[in-house]
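The structure appears below as structure tokens.
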There are 2 protein chains.
Amino acid sequence: MKFNKKLENIKTYEAGKPIELVVREFGIESKDIVKLASNENPYGCSPKVQKAVTQIVSNMALYPDDSMLKLKSALQKRFDVTDENLIIGSGSDQVIEFIMHAKADSNSKILINSVTFAMYEIYAKHVGAEVIRTTSQEHNLEEFYELYKSEKPEIIFLCTPNNPTGDAIDSVDMLAFLEKIDEDTLVVIDGAYMEYGAFKDKRKSVAPKELVEKFSNVIYLGTFSKAYGLGGMRVGYGIASAPIIKELYKLRPPFNITTLSLEAASIALEDEEFVVNSISSCFSEMQRYEAFATEQKIEMIESYTNFVTLLLPENKNSTELADALLRKGMIVRDLSGYGMNAIRVTVGTPEQNSRFFELTEQLL
Amino acid sequence: MKFNKKLENIKTYEAGKPIELVVREFGIESKDIVKLASNENPYGCSPKVQKAVTQIVSNMALYPDDSMLKLKSALQKRFDVTDENLIIGSGSDQVIEFIMHAKADSNSKILINSVTFAMYEIYAKHVGAEVIRTTSQEHNLEEFYELYKSEKPEIIFLCTPNNPTGDAIDSVDMLAFLEKIDEDTLVVIDGAYMEYGAFKDKRKSVAPKELVEKFSNVIYLGTFSKAYGLGGMRVGYGIASAPIIKELYKLRPPFNITTLSLEAASIALEDEEFVVNSISSCFSEMQRYEAFATEQKIEMIESYTNFVTLLLPENKNSTELADALLRKGMIVRDLSGYGMNAIRVTVGTPEQNSRFFELTEQLL
């Protein structure tokens with residue numbers, strides 16, 4: 001059977017290895033496995049969320065409220081925007097998918113950072129669009145602007161703080177950049193790790209409301225998978241001007257968020273204290289990674305996220321290190337697939353981080 | 001901002017009204033609302049599923065096992081197929097979406113029944129494909145074959161038992177039809193209600209394993225949203241030959257099923273007794289609908305599903321009836337959008353059905 005030609009170029013996204021797989025492949029007991037590979041919140045999610053979900057577990061048979069009233073109201077309040085500025089996706093991934101299908105096709109170009117979130121390229125391939133990349137590792141907005149002028153992309157993705165490197169764009173620079181972009185080019189500001197970046201440095205903080213008010217061609221993405229500790233529940237969102245949201249809504253499948261996920265995300269927004277405590281612990285633990293990197297003479301990119309990117313010296317191989325750690329039950333992310341001799345490590349609990357330092361020291 | 005031209009023709013799917021909306025719009029307390037509009041299992045899901053989900057509620061922070069080992073193993077066992085014959089979607093809807101994006105584009109035609117599940121057409125519009133419909137209300141495979149020969153569609157959808165009419169195709173007729181279709185035309189057998197159809201009449205039962213062994217161009221779809229009582233959890237699946245599954249996998253977003261949904265569906269397959277009891281209760285209650293229809297001189301299509309379709313006489317209007325029921329807290333589905341003067345009613349619990357008969361009798 002023949003399939004659409006564009007499928008020939010699509011490779012499947014390689015997810016971080018789940019604990020289940022390490023149990024199966026290496027026979028390590030799950031209690032002895034530490035997963036610092038997918039930037040989940042090591043403190044889990046708010047106990048209030050767990051309690052709320054447990055209480056509605058008998059509702060699993062009922063289709064979700066497709067208007068998502070409760071969650072959308074909570075997000076409107078959180079970001080001071082209106083209902084027509086909001087769309088909810090099964091992770092912010094799904095909003096990226098809507099954007100790609102709404103704005104790009106096989107005649108389009110997509111402009112992204114040299115090293116950034118893998119799904120931009122994967123979804124671009126779904127529609128057969130060409131991906132243009134910058135050359136610098138950190139987002140260089142001057143280079144973005146030059147490529148914007150010469151390549152005329154339909155969509156520009158700015159991931160800030162960036163995954164998998166952890167650096168972030170100053171919001172004044174971003175706003176100045178956005179002023180120079182014509183209104184028919186869609187700019188996506190992916191703020192999956194924004195809660196971390198804004199906590200660490202106010203200059204990195206981007207306000208979705210300000211973007212919506214100033215720009216008709218910008219969409220901000222957020223997620224519950226990181227700071228809110230709901231990676232398993234698949235809830236993300238897009239915030240943009242009403243005309244953009246209206247078009248994306250046409251591509252949203254009905255019931256794209258489960259009944260339990262809607263409840264979990266709604267309640268998560270009510271417990272900001274949990275989120276702030278998680279973030280605060282993350283950055284105090286991150287200082288230990290900085291000390292470890294200095295001690296081991298490893299270069300570490302300054303991170304505005306809940307992970308650190310360790311750039312290994314030439315005589316060490318990131319794939320080998322990640323593999324050796326895996327065999328000891330420590331799951332981290334090898335970045336060789338991104339063209340980097342580096343590993344990405346989620347900042348875990350104090351105990352998890354100690355274990356990482358101990359194992360890595362032995363292996364380096 | 002300009003968007004892709006194909007979006008101009010897309011209308012958003014109208015979901016069955018959730019209980020939350022009736023509470024808001026009509027001020028009826030949720031305990032007084034009966035929802036028989038979305039073909040959910042009125043007995044909920046297995047208590048074993050509820051217990052299992054409650055036990056892993058602390059796992060919400062962890063990304064789902066993207067290999068879906070546990071659920072895929074359970075489905076392999078259930079259907080006696082291999083891992084490479086299986087793909088899991090966020091509802092079987094998502095598998096339909098993968099199929100459409102893999103096989104169709106703006107030059108394609110899609111052949112569907114005159115009245116059938118609305119998402120086939122909606123996803124066809126997402127890729128800009130043309131939708132060809134038969135004329136007869138029930139699936140007429142001769143008419144399908146004539147249109148197949150004259151229109152040369154890329155994909156044919158057979159929904160059996162059919163939603164929203166409830167009729168089903170005899171499996172011998174279906175197999176004879178499939179023999180006549182060339183191997184580059186993809187045939188989708190949507191068995192969302194198959195557990196009900198197969199229980200009521202073995203001749204309607206379609207075995208995915210047999211389809212996979214005999215046909216390289218057929219995909220069977222199933223769901224956990226109906227008989228398994230997990231409409232809120234968004235889990236469905238496709239079963240087909242390995243080459244088809246491999247292509248669809250390229251379009252599957254990572255982590256498309258939540259952590260709790262994977263667990264719920266896996267455990268649901270372990271409690272067949274719950275499912276059989278639900279189905280058995282459904283058909284014994286359906287006899288009351290048959291008696292009611294005869295008494296009220298309403299035509300009712302013989303149903304192989306968990307819902308009944310009541311064709312109203314000319315002097316009654318389905319939209320008005322559905323609306324009047326809604327104001328009394330009884331949510332049913334008006335089928336006027338499908339070009340039918342009919343309502344679709346999910347067979348509920350004995351109490352829910354009694355309430356439907358009582359209210360409808362007053363309004364007719």
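By order of appearance in the structure tokens: chains A, B, ..., then residues from 1 within every chain, and ligands from 1 in the order shown.
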### Message
Within 6 Å of chain A, which residues belong to chain B? Use only C-alpha atoms and report them as number ranges by chain.
### Response
B: 1, 3-4, 12, 18, 44-45, 54, 60-65, 102-103, 184, 229-233, 250, 258-259
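The list of residues with at least one atom within 7 Å of stretch 314-320 of chain B, based on only C-alpha atoms and without residues fewer than 4 positions apart in the same chain, reads Ala324, Asp334, Ser336, Asn341, Ala342 and Ile343 of chain B.
The set of residues in stretch 191-258 of chain A assigned to alpha helix (DSSP H) by DSSP, using only backbone atoms of this structure, is Met194, Glu195, Tyr196, Gly197, Ala198, Phe199, Lys200, Pro208, Lys209, Glu210, Leu211, Val212, Glu213, Lys214, Ala242, Pro243, Ile244, Ile245, Lys246, Glu247, Leu248 and Tyr249 of chain A.
Taking atom CA of A:Asn306 as the reference point, atom CA of A:Asp271 is found at 18.8 Å.
The shell of residues at most 7 Å from stretch 327-332 of chain B, with only C-alpha atoms counted and near chain neighbours (fewer than 3 positions) removed, consists of Phe26, Ile28, Asp32, Ile33, Val34, Lys35, Leu36, Ala37, Ala322, Asp323, Ala324, Ile343, Arg344 and Val345 of chain B.
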### Summary
Of A:Ile96, A:Leu311, A:Leu262, A:Leu363, the one nearest to A:Leu221 when counting only C-alpha atoms is A:Ile96
### Task
Mind giving me the straight-line distance from atom CA of A:Arg78 to atom CA of A:Lys48 in Å, one decimal?
17.8 Å
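Residues with any atom within 12 Å of B:Ser136, counting only C-alpha atoms and excluding same-chain neighbours fewer than 6 positions away, are Ile112, Asn113, Ser114, Val115, Thr116, Glu142, Glu143, Phe144 and Thr165 of chain B.
Across the structure, atom CA of B:Ile279 and atom CA of B:Arg203 are spaced 16.9 Å apart.
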